[in-house]
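Visitor: Pasting a structure here, questions to come.
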Amino acid sequence: MRPIPSQKISKSALKVWRMTGALESMVYLAIPVAYHFMYNFFQWPVWIFWLLIVVVAVIAVIKSFVIPTIRWRRWRYDVYDTEVDLQFGLIIVRRVLIPMIRVQHVDTRQGPLLRKYGLATVTITTAATVHQIPALSEERAANLRDRISKLATEADEDV
Amino acid sequence: MSRVKRLHPVAIFLLFLSALRELFIPLIAAFIFGRGAASWDFPFTIYFIIGGFLFLFFYGYLKWLTFTYVIEEDELKIKQGILIKQQRFIRTERIYSIDITAGILQRLFQLVAVKIETAGGGIEPEVLLKALTKKEALLIKKQLLKEKVQVENEMIDSAEDDVGHIIQLEQSQTKWVLSNKDLVITALTSSGIGLAFMAILALVTQLEGWVPDEWIVETFGYLFHSSFIFIIVLILTMILLSWLISIVGTVLKYGRFTIIKKGDELEITRGILERRQLTLSLNRITAIRVVESVLRQPFGLVTVYVESAGGGSKDEQLSTVLFPIVNKKSIYEPLKQIAPDFVFDQPIEPLPRRAWIRYVIRKVVPAALIAGLITYFMPYGYVAMILIPMAILYGNLQFKNGGIGRNKGYLWISFRTVSRTLVIIPKQRIQALEVRQSFVQQIRSLFTIQVSILSSIIGKSFRLVDVSEKQKEDLLSWFSYKENEKELNHEE
């Protein structure tokens, strides 16, 4: 059996994902708020309001604690001389092999949140697919980008 | 030294027509609504129309005049634009495919259109030369694409010689032609019937809006009074009509289908009203698909498609039809001539038994849901219960047709969506391999595999659901460049 990849992504990824998860859950708050106005108006039952609050709270917990933790634990990668090996996913565990010769280009990206925590995402592009290794420390991401890019060029020459 | 060239003057007419077509709807709208209170001032209208036509014609002329192209130093240089000048230089090595087509208008003047596509770029062809003589088109194609290395010396030769050379080549190469009998069979079993049926159905429902209300009341009254017979006759007529449409469509599309193979290049020509020519390099083929549609399966007939980097047409999901119809048993014969690399024994390892129940459940659950709803809400709805055994059969069939096989350099996957498909992919064409396992698959230790290749300009993936752990592991180590490297080292 092929062992799972050895490298983990940065621990700070958890913080960022939790934050984005929390921010996204805020959006759901709009539903109970809207209901609050409506039930005053139409005299709908109050208990639905509290139910909605509970539901939103559960979603918030899932989105900002459960999902980031599982995602972070699952995320593994390895970069060998000849291929890139990724494993990730929540409910569906996904494993991807990308041969180095197929890599067309690699780049690093960074949104405002990632930048705040000194993180960056590495994006690997082949002719047909795009893959990401999210939330590595800036330095590691830059090294990885340069390394993959160099390996990909060398692999190209072989063929 | 090459000189700057223009399109054939007939292009003026074609440009005029396409400008007219673009303006057609606004013009009609202006005609109907724009008149306002003004009465039908006959002379004014006629002058207006003539003036408009003249203007458009002049516009076409200017467009033709300002569009020039030249092939120089391995570069296709195109200049165009009346007010805003646009220059486009395309390096020949970036050119993926050159399509020579002849629409009805082009054929009227014995001309062709040339489409040139490059890596990257969108669905629209990078360059479209609307009207050229056949000779000029062939010359361009030769200069841009043909045997890039060898041809360099010959390119100095005069144009006439070059064309003569091509014709000579054509005579000495392999040729595959779709016979008339096969064309008829292709047309009879075409799955375009479904599409045509939907179109007719849409048309019929649209017609309702045009027919007077009274008539509808009468008809519907009649419908409710009469038994099912009227509806059945109506549906049968519609089916027959769509069948006829799809037959005619297929004959027009695949008539005079010819493949000419010259060295590493395939030239596929097809179509009766609109001749399409497409050039495909054998070493750009990223996969071959053998598709057995439901209508053709009983007769043991299949369609063969190729996926290639560059090329491909929109109406075939960016693939190219290689053989519109061929007998499944004797498929190797034409393939041996045209794409011999793909001819080898392809044994298929079936899916593990424990995957069966998942295949069946996936089909039965939605079927049972629909059947349940119909039974509940409609009189005689329980007839819909027949959907459930049908779903079981369908799931069973999908399970049976699922499978995978490989040798050193190739992977082949067999699966069924509606049609049964066998896709053969060379290992070095696989861009990425993905293995995934859902929560539920974990219980039965099953996996889904997904292989991505380049098709035309976008990625395409083929997926097989519920392979066994061993199949997945074998596939991973077969594909892993790292592990293969290790093996090589061991051997040394």
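Note on naming: chains are A, B, ... as they come in the structure tokens, residues start from 1 per chain, ligands start from 1 in the order shown.
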Among range 411-461 of chain B, which residues carry a DSSP assignment of alpha helix (DSSP H), reported as a list in words?
Guide: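 Residues of range 411-461 of chain B classed as alpha helix (DSSP H): Phe439, Val440, Gln441, Gln442 and Ile443 of chain B.
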Visitor: Could the residues in this selection be written to a file with N, CA and C atoms, as an mmCIF file, in the first residue's frame?
Guide:
```
data_model
loop_
_atom_site.group_PDB
_atom_site.id
_atom_site.type_symbol
_atom_site.label_atom_id
_atom_site.label_comp_id
_atom_site.auth_asym_id
_atom_site.auth_seq_id
_atom_site.Cartn_x
_atom_site.Cartn_y
_atom_site.Cartn_z
ATOM 1 N N PHE B 439 -17.012 8.810 2.496
ATOM 2 C CA PHE B 439 -17.315 8.224 3.786
ATOM 3 C C PHE B 439 -17.966 6.852 3.640
ATOM 4 N N VAL B 440 -18.932 6.767 2.713
ATOM 5 C CA VAL B 440 -19.684 5.530 2.549
ATOM 6 C C VAL B 440 -18.847 4.476 1.820
ATOM 7 N N GLN B 441 -18.028 4.925 0.891
ATOM 8 C CA GLN B 441 -17.165 3.976 0.185
ATOM 9 C C GLN B 441 -16.189 3.317 1.140
ATOM 10 N N GLN B 442 -15.825 4.062 2.192
ATOM 11 C CA GLN B 442 -14.855 3.562 3.153
ATOM 12 C C GLN B 442 -15.350 2.278 3.806
ATOM 13 N N ILE B 443 -16.660 2.209 4.052
ATOM 14 C CA ILE B 443 -17.237 1.038 4.710
ATOM 15 C C ILE B 443 -16.947 -0.227 3.916
#
```
Visitor: Select, as a ChimeraX atom specification, those residues of chain A with any atom no more than 10 Å from chain B (distances computed using only C-alpha atoms).
Guide: /A:1-2,80-103,125-131
Visitor: Near Lys15 in chain A, counting only C-alpha atoms, which residues have an atom at most 10 Å away, once you skip same-chain residues fewer than 4 positions from it, shown as a short mmCIF file (atom, residue, chain, number, x, y, z; two decimals) with N, CA and C atoms, in the first residue's frame?
Guide:
```cif
data_model
loop_
_atom_site.label_atom_id
_atom_site.label_comp_id
_atom_site.auth_asym_id
_atom_site.auth_seq_id
_atom_site.Cartn_x
_atom_site.Cartn_y
_atom_site.Cartn_z
N SER A 10 0.89 24.32 7.16
CA SER A 10 1.16 25.13 8.34
C SER A 10 0.02 25.10 9.36
N LYS A 11 0.40 25.08 10.62
CA LYS A 11 -0.58 25.07 11.71
C LYS A 11 -1.43 26.35 11.69
N MET A 19 -11.22 31.46 11.02
CA MET A 19 -11.70 32.82 10.87
C MET A 19 -12.65 32.94 9.67
N THR A 20 -12.23 32.38 8.55
CA THR A 20 -13.11 32.47 7.38
C THR A 20 -14.40 31.71 7.64
N GLY A 21 -14.29 30.57 8.33
CA GLY A 21 -15.49 29.80 8.67
C GLY A 21 -16.45 30.63 9.50
N SER A 64 -16.53 26.65 11.77
CA SER A 64 -15.31 27.27 12.27
C SER A 64 -14.48 26.37 13.17
N PHE A 65 -14.99 25.21 13.56
CA PHE A 65 -14.14 24.32 14.36
C PHE A 65 -13.98 22.94 13.73
N PRO A 68 -12.51 23.00 9.74
CA PRO A 68 -11.08 23.33 9.63
C PRO A 68 -10.17 22.26 10.24
N THR A 69 -10.58 21.69 11.38
CA THR A 69 -9.73 20.69 12.04
C THR A 69 -9.57 19.46 11.16
N LEU A 113 -6.04 37.72 4.24
CA LEU A 113 -6.01 36.95 5.49
C LEU A 113 -4.75 36.11 5.59
N LEU A 114 -4.43 35.45 4.45
CA LEU A 114 -3.22 34.62 4.44
C LEU A 114 -1.99 35.48 4.70
N TYR A 117 -1.13 36.26 8.28
CA TYR A 117 -0.48 35.19 9.03
C TYR A 117 0.79 34.68 8.35
#
```
Visitor: For Pro5 in chain A, which residue among A:Val122, A:Val79, A:Leu29, A:Leu52 is the nearest when counting only C-alpha atoms?
Guide: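 Among the listed residues, A:Val79 lies closest to Pro5 in chain A.
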Visitor: Just list as a PyMOL selection string whatever in range 70-152 of chain A DSSP marks as strand (DSSP E).
Guide: chain A and resi 76-79+83-88+93-99+103-109+119-126+130-137
